[in-house]
file run-v8.cif (mmCIF, C-alpha atoms)
data_start
#
loop_
_atom_site.label_atom_id
_atom_site.label_comp_id
_atom_site.auth_asym_id
_atom_site.auth_seq_id
_atom_site.Cartn_x
_atom_site.Cartn_y
_atom_site.Cartn_z
CA MET F 260 17.68 55.37 1.66
CA SER F 261 14.91 52.84 1.13
CA LYS F 262 17.00 51.10 -1.53
CA THR F 263 20.42 50.72 0.04
CA LEU F 264 21.73 47.82 -2.06
CA ARG F 265 23.55 48.46 -5.31
CA ARG F 266 21.29 47.97 -8.35
CA SER F 267 23.39 45.11 -9.74
CA GLN F 268 23.45 43.51 -6.30
CA SER F 269 19.65 43.69 -6.09
CA TRP F 270 19.27 42.05 -9.49
CA PHE F 271 21.76 39.37 -8.54
CA GLN F 272 19.71 38.67 -5.41
CA ARG F 273 16.55 38.28 -7.49
CA ALA F 274 18.37 36.05 -9.98
CA LEU F 275 19.64 33.83 -7.17
CA TRP F 276 16.11 33.47 -5.79
CA LEU F 277 15.02 32.40 -9.26
CA VAL F 278 17.80 29.81 -9.17
CA ALA F 279 16.51 28.61 -5.80
CA PHE F 280 12.93 28.26 -7.06
CA ALA F 281 14.05 26.56 -10.30
CA PHE F 282 16.21 24.12 -8.34
CA ALA F 283 13.26 23.39 -6.01
CA TRP F 284 10.90 22.92 -8.99
CA PHE F 285 13.13 20.32 -10.64
CA LEU F 286 13.68 18.52 -7.34
CA ILE F 287 9.91 18.49 -6.70
CA GLY F 288 9.31 17.00 -10.15
CA LEU F 289 11.89 14.28 -9.57
CA GLY F 290 10.60 13.59 -6.06
CA GLY F 291 7.03 13.33 -7.32
CA LYS F 292 8.06 10.67 -9.82
CA LEU F 293 9.92 8.70 -7.16
CA VAL F 294 7.06 8.89 -4.65
CA ASP F 295 4.55 7.86 -7.31
CA ASN F 296 6.65 4.91 -8.47
CA LEU F 297 7.00 3.62 -4.93
CA GLY F 298 3.36 2.57 -5.23
CA SER F 299 4.46 -0.33 -7.42
CA ALA F 300 7.12 -1.51 -4.96
CA GLU F 301 4.81 -4.34 -3.90
CA PRO F 302 2.28 -6.14 -6.15
CA LEU F 303 -1.40 -5.45 -5.60
CA PRO F 304 -3.04 -8.48 -3.88
CA SER F 305 -6.12 -10.04 -5.48
CA LEU F 306 -9.10 -11.81 -4.01
CA GLU F 307 -8.28 -15.08 -5.80
CA GLN F 308 -5.08 -15.41 -3.77
CA PHE F 309 -7.11 -16.06 -0.61
CA ILE F 310 -9.67 -18.54 -2.05
CA ASP F 311 -9.07 -22.31 -2.21
CA ALA F 312 -8.23 -23.01 -5.84
CA GLY F 313 -9.98 -26.41 -5.96
CA GLN F 314 -13.24 -25.18 -4.47
CA ALA F 315 -13.13 -22.04 -6.59
CA ALA F 316 -12.74 -24.17 -9.73
CA GLN F 317 -15.73 -26.32 -8.77
CA VAL F 318 -17.90 -23.28 -8.13
CA ARG F 319 -16.77 -21.67 -11.38
CA THR F 320 -17.63 -24.86 -13.30
CA ALA F 321 -21.09 -24.99 -11.71
CA GLN F 322 -21.67 -21.32 -12.56
CA GLU F 323 -20.61 -21.81 -16.15
CA ARG F 324 -22.76 -24.92 -16.51
CA ALA F 325 -25.78 -23.13 -15.05
CA ASP F 326 -25.18 -20.14 -17.32
CA LYS F 327 -25.18 -22.39 -20.38
CA VAL F 328 -28.40 -24.12 -19.29
CA ILE F 329 -30.02 -20.77 -18.57
CA ALA F 330 -29.07 -19.45 -21.99
CA ALA F 331 -30.40 -22.58 -23.74
CA ALA F 332 -33.56 -22.59 -21.61
CA ASN F 333 -34.23 -18.94 -22.42
CA ASP F 334 -33.95 -19.69 -26.14
CA ALA F 335 -36.19 -22.76 -25.90
CA LEU F 336 -38.69 -20.89 -23.72
CA ALA F 337 -38.93 -18.11 -26.26
CA GLN F 338 -39.68 -20.66 -29.01
CA ALA F 339 -42.22 -22.50 -26.84
CA ARG F 340 -44.01 -19.25 -25.97
CA GLN F 341 -44.14 -18.36 -29.62
CA GLN F 342 -45.64 -21.76 -30.49
CA HIS F 343 -48.13 -21.44 -27.65
CA GLN F 344 -49.20 -18.04 -28.92
CA VAL F 345 -49.70 -19.51 -32.40
CA ALA F 346 -51.75 -22.39 -30.97
CA GLN F 347 -53.87 -19.95 -28.97
CA ALA F 348 -54.47 -17.84 -32.05
CA ASN F 349 -55.47 -20.92 -34.08
CA THR F 350 -57.86 -22.13 -31.38
CA HIS F 351 -59.39 -18.68 -30.99
CA ALA F 352 -59.92 -18.34 -34.76
CA ALA F 353 -61.44 -21.84 -35.05
CA ALA F 354 -63.76 -21.17 -32.09
CA GLU F 355 -65.01 -17.98 -33.68
CA THR F 356 -65.55 -19.78 -36.99
CA PHE F 357 -67.40 -22.59 -35.25
CA GLN F 358 -69.68 -20.17 -33.39
CA ASN F 359 -70.44 -18.32 -36.61
CA TRP F 360 -71.21 -21.59 -38.40
CA LEU F 361 -73.57 -22.66 -35.60
CA ALA F 362 -75.41 -19.38 -35.76
CA THR F 363 -76.15 -19.76 -39.48
CA ARG F 364 -77.38 -23.32 -39.55
CA HIS F 365 -80.21 -25.24 -38.00
CA ALA F 366 -79.06 -27.87 -35.60
CA THR F 367 -80.47 -31.36 -36.11
CA ALA F 368 -82.49 -33.11 -33.48
CA ARG F 369 -79.43 -35.29 -32.73
CA PRO F 370 -76.27 -33.17 -33.09
CA ASP F 371 -73.99 -36.16 -32.43
CA GLN F 372 -75.28 -37.72 -35.67
CA ASP F 373 -74.45 -34.59 -37.70
CA PRO F 374 -71.21 -35.46 -39.52
CA ASP F 375 -70.27 -31.84 -40.27
CA LEU F 376 -70.85 -30.74 -36.70
CA ILE F 377 -68.90 -33.70 -35.41
CA ALA F 378 -65.98 -32.94 -37.74
CA ARG F 379 -65.84 -29.30 -36.76
CA THR F 380 -66.06 -30.18 -33.08
CA ARG F 381 -63.20 -32.67 -33.42
CA GLU F 382 -61.16 -30.10 -35.30
CA LEU F 383 -61.69 -27.57 -32.52
CA ASP F 384 -60.80 -30.20 -29.89
CA ALA F 385 -57.59 -30.96 -31.78
CA LEU F 386 -56.65 -27.30 -31.82
CA LYS F 387 -57.30 -27.04 -28.08
CA THR F 388 -55.21 -30.16 -27.54
CA ALA F 389 -52.36 -28.57 -29.54
CA GLU F 390 -52.71 -25.40 -27.45
CA ARG F 391 -52.47 -27.42 -24.25
CA LEU F 392 -49.41 -29.24 -25.58
CA ALA F 393 -47.80 -25.91 -26.47
CA LEU F 394 -48.59 -24.63 -22.98
CA SER F 395 -47.07 -27.78 -21.50
CA ALA F 396 -43.91 -27.16 -23.51
CA VAL F 397 -43.73 -23.60 -22.16
CA GLN F 398 -44.16 -24.87 -18.60
CA ARG F 399 -41.44 -27.49 -19.09
CA GLN F 400 -38.98 -24.87 -20.32
CA GLN F 401 -39.93 -22.59 -17.44
CA GLN F 402 -39.16 -25.45 -15.06
CA VAL F 403 -35.82 -26.08 -16.76
CA LEU F 404 -35.02 -22.36 -16.54
CA LEU F 405 -36.07 -22.23 -12.88
CA ASP F 406 -33.88 -25.25 -12.06
CA ALA F 407 -30.89 -23.67 -13.84
CA GLN F 408 -31.43 -20.33 -12.09
CA GLN F 409 -31.60 -22.04 -8.71
CA GLU F 410 -28.43 -23.95 -9.52
CA ARG F 411 -26.77 -20.66 -10.41
CA GLN F 412 -27.99 -19.10 -7.15
CA HIS F 413 -26.59 -22.03 -5.17
CA ALA F 414 -23.25 -21.63 -6.96
CA ASP F 415 -23.29 -17.89 -6.22
CA LEU F 416 -24.01 -18.54 -2.56
CA ARG F 417 -21.14 -21.00 -2.45
CA ARG F 418 -18.93 -18.41 -4.08
CA GLN F 419 -19.96 -15.81 -1.49
CA GLU F 420 -19.15 -18.27 1.29
CA LEU F 421 -15.69 -18.73 -0.19
CA GLU F 422 -15.20 -14.98 -0.68
CA LYS F 423 -16.29 -13.87 2.80
CA PRO F 424 -13.11 -14.95 4.64
CA ALA F 425 -11.09 -14.09 1.52
CA HIS F 426 -12.34 -10.49 1.64
CA GLU F 427 -11.17 -10.19 5.22
CA ALA F 428 -7.76 -11.61 4.32
CA LEU F 429 -7.57 -9.32 1.29
CA GLU F 430 -8.37 -6.28 3.43
CA ARG F 431 -5.58 -7.21 5.86
CA ALA F 432 -3.18 -7.72 2.96
CA MET F 433 -4.15 -4.35 1.46
CA GLN F 434 -3.54 -2.67 4.81
CA ARG F 435 -0.13 -4.31 5.10
CA ARG F 436 0.75 -3.27 1.58
CA GLU F 437 -0.52 0.25 2.25
CA LEU F 438 1.58 0.45 5.41
CA HIS F 439 4.70 -0.84 3.64
CA ILE F 440 4.37 1.64 0.78
CA PHE F 441 3.69 4.45 3.25
CA LEU F 442 6.83 3.50 5.18
CA TYR F 443 8.83 3.44 1.93
CA ARG F 444 7.62 6.93 1.10
CA LEU F 445 8.16 8.12 4.64
CA MET F 446 11.71 6.71 4.59
CA LEU F 447 12.29 8.77 1.46
CA THR F 448 10.74 12.05 2.59
CA ALA F 449 11.55 12.13 6.33
CA PRO F 450 15.35 12.18 5.83
CA LEU F 451 14.89 14.93 3.26
CA LEU F 452 13.05 16.95 5.88
CA ALA F 453 15.82 16.28 8.42
CA VAL F 454 18.51 17.34 5.95
CA ALA F 455 16.49 20.45 5.13
CA GLY F 456 16.36 21.30 8.84
CA TRP F 457 20.11 20.93 9.16
CA LEU F 458 20.70 23.04 6.06
CA TYR F 459 18.39 25.73 7.40
CA ALA F 460 20.24 25.80 10.72
CA LYS F 461 23.79 25.65 9.33
CA GLN F 462 23.92 26.66 5.67
CA ARG F 463 21.08 29.06 4.88
CA LYS F 464 23.50 32.04 4.87
CA SER F 465 26.34 30.31 3.04
CA ALA F 466 27.59 31.29 -0.42
CA TYR F 467 25.44 28.54 -1.95
CA TRP F 468 22.24 29.61 -0.20
CA PRO F 469 20.08 29.40 -3.41
CA PHE F 470 20.61 25.64 -3.55
CA VAL F 471 20.11 25.38 0.22
CA TRP F 472 16.76 27.18 0.07
CA GLY F 473 15.77 25.28 -3.07
CA PHE F 474 16.34 22.00 -1.23
CA ILE F 475 14.44 23.30 1.80
CA PHE F 476 11.43 24.20 -0.37
CA PHE F 477 11.60 20.80 -2.04
CA ALA F 478 11.81 18.85 1.23
CA GLY F 479 8.92 20.77 2.79
CA PHE F 480 6.77 20.32 -0.30
CA ALA F 481 7.61 16.60 -0.57
CA PHE F 482 6.69 15.89 3.05
CA PHE F 483 3.70 18.15 3.63
CA VAL F 484 2.19 18.26 0.11
CA GLU F 485 3.54 15.51 -2.16
CA LEU F 486 3.03 12.80 0.46
CA VAL F 487 -0.60 13.73 1.19
CA PRO F 488 -2.37 11.86 -1.69
CA TYR F 489 -0.56 8.65 -0.70
CA LEU F 490 -1.23 8.77 3.03
CA PRO F 491 -3.33 5.92 4.44
CA SER F 492 -6.06 6.74 6.92
CA TYR F 493 -3.59 6.57 9.80
CA GLY F 494 -0.82 8.31 7.87
CA GLY F 495 -2.28 11.71 8.60
CA TYR F 496 -1.28 11.25 12.23
CA VAL F 497 2.36 11.09 11.20
CA ARG F 498 2.03 14.22 9.13
CA TYR F 499 0.33 16.20 11.88
CA LEU F 500 2.66 14.89 14.58
CA VAL F 501 5.68 15.92 12.55
CA GLY F 502 4.07 19.30 11.95
CA ILE F 503 3.48 19.70 15.68
CA VAL F 504 7.07 18.73 16.50
CA LEU F 505 8.47 21.11 13.88
CA THR F 506 6.21 23.90 15.11
CA VAL F 507 7.34 23.36 18.70
CA VAL F 508 11.02 23.19 17.72
CA ILE F 509 10.85 26.24 15.46
CA GLY F 510 8.70 28.12 17.97
CA ARG F 511 11.13 27.35 20.77
CA GLN F 512 14.06 28.46 18.64
CA ALA F 513 12.18 31.65 17.81
CA ILE F 514 11.48 32.34 21.49
CA VAL F 515 15.08 31.61 22.48
CA GLY F 516 16.33 33.69 19.57
CA LEU F 517 14.10 36.59 20.58
CA GLN F 518 15.32 36.42 24.16
CA ARG F 519 18.94 36.33 23.01
CA TYR F 520 18.29 39.20 20.63
CA LEU F 521 16.74 41.34 23.37
CA ALA F 522 19.62 40.53 25.73
CA ARG F 523 22.15 41.38 23.02
CA GLN F 524 20.35 44.63 22.26
CA GLN F 525 20.43 45.58 25.92
CA GLN F 526 24.15 44.85 26.07
CA GLN F 527 24.83 46.85 22.91
CA GLU F 528 22.74 49.80 24.10
CA ALA F 529 24.85 49.87 27.24
CA LEU F 530 28.07 50.27 25.19
CA PRO F 531 29.53 53.65 24.22
CA GLU F 532 28.15 55.05 20.97
CA LEU F 533 31.36 54.62 18.97
CA GLU F 534 31.56 50.94 19.87
CA ARG F 535 27.91 50.43 18.98
CA ARG F 536 28.36 52.12 15.63
CA ALA F 537 31.39 49.95 14.88
CA THR F 538 29.33 46.77 15.31
CA LEU F 539 26.60 47.84 12.86
CA ASN F 540 26.65 46.60 9.29
CA TYR F 541 26.75 49.44 6.79
CA GLU F 542 24.04 48.10 4.47
CA LEU F 543 21.85 47.05 7.39
CA ALA F 544 22.14 50.46 9.05
CA LEU F 545 21.08 52.25 5.86
CA LYS F 546 18.23 49.79 5.31
CA ARG F 547 16.88 50.39 8.81
CA LEU F 548 17.08 54.14 8.36
CA GLY F 549 15.27 53.73 5.04
CA ASN F 550 12.45 52.06 6.96
CA SER F 551 12.38 54.88 9.56
CA LEU F 552 13.96 52.64 12.19
CA CYS F 553 16.87 53.37 14.48
CA PRO F 554 19.89 51.31 13.34
CA GLY F 555 20.86 50.70 16.96
CA CYS F 556 17.62 49.68 18.71
CA GLU F 557 15.30 49.18 15.69
CA ARG F 558 12.57 51.35 17.21
CA SER F 559 10.55 53.71 15.05
CA VAL F 560 11.92 57.24 14.70
CA ASP F 561 10.57 60.26 12.81
CA LEU F 562 13.41 61.01 10.42
CA LYS F 563 11.44 63.89 8.90
CA GLU F 564 11.82 65.81 12.12
CA SER F 565 14.66 68.31 11.43
CA THR F 566 15.58 68.61 15.11
CA LEU F 567 16.03 64.85 15.55
CA ASP F 568 19.78 64.13 15.53
CA TYR F 569 19.84 61.34 18.13
CA CYS F 570 17.57 58.37 18.75
CA PRO F 571 15.25 59.27 21.63
CA HIS F 572 15.19 55.61 22.67
CA CYS F 573 18.83 54.51 22.76
CA GLY F 574 20.74 57.78 22.19
CA ILE F 575 22.74 56.72 19.13
CA GLY F 576 23.56 59.52 16.69
CA LEU F 577 21.42 59.51 13.55
CA PHE F 578 22.43 62.81 11.93
CA ASP F 579 25.50 65.04 12.14
CA HIS F 580 26.95 67.93 10.14
CA CYS F 581 29.59 67.90 7.46
CA GLY F 582 32.90 69.29 8.71
CA ARG F 583 33.33 71.28 5.52
CA CYS F 584 29.95 72.55 4.27
CA LYS F 585 28.13 72.12 7.60
CA VAL F 586 25.11 70.52 5.91
CA ARG F 587 23.06 68.10 8.02
CA LYS F 588 23.73 64.57 6.84
CA ASN F 589 23.14 60.93 7.72
CA ALA F 590 25.64 60.05 10.48
CA PHE F 591 26.16 56.58 8.99
CA LEU F 592 27.24 57.80 5.55
CA ASN F 593 30.96 57.86 4.82
CA PHE F 594 30.74 60.92 2.59
CA CYS F 595 28.77 64.13 2.59
CA GLN F 596 25.91 63.99 0.11
CA LEU F 597 26.41 67.67 -0.78
CA CYS F 598 30.16 68.18 -1.13
CA GLY F 599 31.51 64.64 -1.00
CA THR F 600 33.79 65.34 1.93
CA PRO F 601 34.73 62.18 3.85
CA ALA F 602 33.35 61.79 7.34
CA ARG F 603 35.45 63.15 10.14
CA PRO F 604 38.31 60.85 11.17
CA HIS F 605 36.97 60.42 14.68
CA GLU F 606 33.72 58.98 13.31
CA HIS F 607 33.93 55.23 13.03
CA ALA F 608 32.39 53.67 9.92
CA PRO F 609 29.78 50.97 10.48
CA HIS F 610 30.99 47.36 10.38
CA GLY F 611 31.25 45.95 6.89
CA GLN F 612 32.21 49.28 5.23
CA PRO F 613 35.85 50.52 5.11
CA GLN F 614 36.50 53.83 6.83
CA PRO F 615 37.42 56.59 4.38
#
call {"tool": "encode", "arguments": {"input": "run-v8.cif", "output": "structure tokens"}}
result
Amino acid sequence: MSKTLRRSQSWFQRALWLVAFAFAWFLIGLGGKLVDNLGSAEPLPSLEQFIDAGQAAQVRTAQERADKVIAAANDALAQARQQHQVAQANTHAAAETFQNWLATRHATARPDQDPDLIARTRELDALKTAERLALSAVQRQQQVLLDAQQERQHADLRRQELEKPAHEALERAMQRRELHIFLYRLMLTAPLLAVAGWLYAKQRKSAYWPFVWGFIFFAGFAFFVELVPYLPSYGGYVRYLVGIVLTVVIGRQAIVGLQRYLARQQQQEALPELERRATLNYELALKRLGNSLCPGCERSVDLKESTLDYCPHCGIGLFDHCGRCKVRKNAFLNFCQLCGTPARPHEHAPHGQPQP
């Protein structure tokens, strides 16, 4: 009794659920493309839009001019340093040679009258003069480089002054764009969620329920999952608020439905047994019995107990005896499971199953 549906009917139910999931999968893929493409609905603003074009051009020219001077000064400074190093090396070598020469000769009483000493001294002085000139060239290029770097720094500071208000304007523009795109996406997904709610309330048990449930899965996924990566910082409030509203609405419906169900059960339990049995669906009654539940009140019953013929909670008959072979049988079956005799004429078949 645990499997009351016909085998083909069970497979058809599974196949229809596959149809529902496949339909939802394709809709989710299409919706993802649409939501993603909505990001290009408005162009992305740039910082240059909010900077004065004339002042920006002047600053850019000054930066480029300073960059060129810096590059040329770096090249010239490298050459000047190399020449200075060569001059230093020459002076150092000449000084060592001069000291060695002095150590191996006897100085005259008047060194200024010694032509060789005078010549070597002048040669060393010339090398030192060349070294100083090379050092002066290095210092000049360092000054040129320093001036160009300071000019570049001034241009950068001017650029920062221009960009400071532009950054604020850009941030406001980005927020506006973000809000607009969020609203576009919300305008796409919120109606889908509303339609899904209507379909759930009105069409979930219709003949085309696989497409209804597929659309419901798609709408829920699009709003609560697909929309998440594109939510701005404040967009999460919308998502959570909608979730709270849906939870309250669904929770209220569940509470009201439970109260109505309990009231209906009380009314049905007050009816005569034959009337109660006539209102029960045949498949549903067998399914409840298969789950060890009373078909009338849905309370647990021990069906393995051989003396249990009536529900101890609501009194509805669960088992009777075949009028022909007297075997104990399920009171909701239309035929005896042993001899196949139809149920007695006075026994009403459950709703949804023709009486034999």
call {"tool": "closest_residue", "arguments": {"input": "run-v8.cif", "among": "F:Leu286, F:Ile503, F:Leu306, F:Ala335", "to": "Val403 in chain F", "atoms": "all atoms listed in the file"}}
result
F:Ala335
call {"tool": "resolve_selection", "arguments": {"input": "run-v8.cif", "expression": "the PyMOL selection byres ((chain F and resi 349) around 12)", "output": "JSON list (two decimals) with C-alpha atoms, keeping the file's coordinate frame"}}
result
[["chain", "number", "residue", "atom", "x", "y", "z"],
["F", 342, "GLN", "CA", -45.64, -21.76, -30.49],
["F", 343, "HIS", "CA", -48.13, -21.44, -27.65],
["F", 344, "GLN", "CA", -49.20, -18.04, -28.92],
["F", 345, "VAL", "CA", -49.70, -19.51, -32.40],
["F", 346, "ALA", "CA", -51.75, -22.39, -30.97],
["F", 347, "GLN", "CA", -53.87, -19.95, -28.97],
["F", 348, "ALA", "CA", -54.47, -17.84, -32.05],
["F", 350, "THR", "CA", -57.86, -22.13, -31.38],
["F", 351, "HIS", "CA", -59.39, -18.68, -30.99],
["F", 352, "ALA", "CA", -59.92, -18.34, -34.76],
["F", 353, "ALA", "CA", -61.44, -21.84, -35.05],
["F", 354, "ALA", "CA", -63.76, -21.17, -32.09],
["F", 355, "GLU", "CA", -65.01, -17.98, -33.68],
["F", 356, "THR", "CA", -65.55, -19.78, -36.99],
["F", 382, "GLU", "CA", -61.16, -30.10, -35.30],
["F", 383, "LEU", "CA", -61.69, -27.57, -32.52],
["F", 384, "ASP", "CA", -60.80, -30.20, -29.89],
["F", 385, "ALA", "CA", -57.59, -30.96, -31.78],
["F", 386, "LEU", "CA", -56.65, -27.30, -31.82],
["F", 387, "LYS", "CA", -57.30, -27.04, -28.08],
["F", 388, "THR", "CA", -55.21, -30.16, -27.54],
["F", 389, "ALA", "CA", -52.36, -28.57, -29.54],
["F", 390, "GLU", "CA", -52.71, -25.40, -27.45],
["F", 393, "ALA", "CA", -47.80, -25.91, -26.47]]
call {"tool": "residues_around", "arguments": {"input": "run-v8.cif", "residues": "Arg435 in chain F", "least_positions_apart": "6", "cutoff": "12 Å", "atoms": "only C-alpha atoms", "output": "list in words"}}
result
Glu301, Pro302, Leu303, Pro304, Ala428, Leu429, Phe441, Leu442 and Pro491 of chain F
call {"tool": "residues_around", "arguments": {"input": "run-v8.cif", "residues": "Asp561 in chain F", "least_positions_apart": "6", "cutoff": "12 Å", "atoms": "only C-alpha atoms", "output": "list of chain:residue names"}}
result
F:Leu548, F:Gly549, F:Asn550, F:Ser551, F:Leu552, F:Cys553, F:Leu567, F:Asp568, F:Tyr569, F:Cys570, F:Pro571, F:His572, F:Leu577
call {"tool": "resolve_selection", "arguments": {"input": "run-v8.cif", "expression": "the PyMOL selection byres ((chain F and resi 290-297) around 10)", "output": "VMD selection string"}}
result
chain F and resid 284 to 289 298 to 301 439 to 441 443 to 445 447 to 448 477 to 478 480 to 481 485 to 486 488 to 489
call {"tool": "axis_aligned_box", "arguments": {"input": "run-v8.cif", "around": "range 410-417 of chain F", "padding_each_side": "4 Å", "output": "lines of an AutoDock Vina configuration file"}}
result
center_x = -24.8
center_y = -20.9
center_z = -6.4
size_x = 15.3
size_y = 14.1
size_z = 16.0
call {"tool": "residues_around", "arguments": {"input": "run-v8.cif", "residues": "range 457-460 of chain F", "least_positions_apart": "3", "cutoff": "10 Å", "atoms": "only C-alpha atoms", "output": "list of chain:residue names"}}
result
F:Leu451, F:Leu452, F:Ala453, F:Val454, F:Arg463, F:Lys464, F:Ser465, F:Trp468, F:Phe470, F:Val471, F:Trp472, F:Phe474, F:Ile475
call {"tool": "atom_distance", "arguments": {"input": "run-v8.cif", "atom1": "CA of Ala321 in chain F", "atom2": "CA of Ala414 in chain F"}}
result
6.2 Å
call {"tool": "closest_residue", "arguments": {"input": "run-v8.cif", "among": "F:Asp579, F:Leu421, F:Gln434, F:Arg273", "to": "Gln308 in chain F", "atoms": "all atoms listed in the file"}}
result
F:Leu421
call {"tool": "atom_distance", "arguments": {"input": "run-v8.cif", "atom1": "CA of Asp311 in chain F", "atom2": "CA of Arg436 in chain F"}}
result
21.8 Å
call {"tool": "atom_distance", "arguments": {"input": "run-v8.cif", "atom1": "CA of Glu420 in chain F", "atom2": "CA of Gln408 in chain F"}}
result
18.3 Å
call {"tool": "resolve_selection", "arguments": {"input": "run-v8.cif", "expression": "the PyMOL selection byres ((chain F and resi 598) around 9)", "output": "list in words"}}
result
Cys581, Arg583, Cys584, Val586, Phe594, Cys595, Gln596, Leu597, Gly599 and Thr600 of chain F
call {"tool": "closest_residue", "arguments": {"input": "run-v8.cif", "among": "F:Pro374, F:Gly313, F:Gly582, F:Gly574", "to": "Pro531 in chain F", "atoms": "all atoms listed in the file"}}
result
F:Gly574
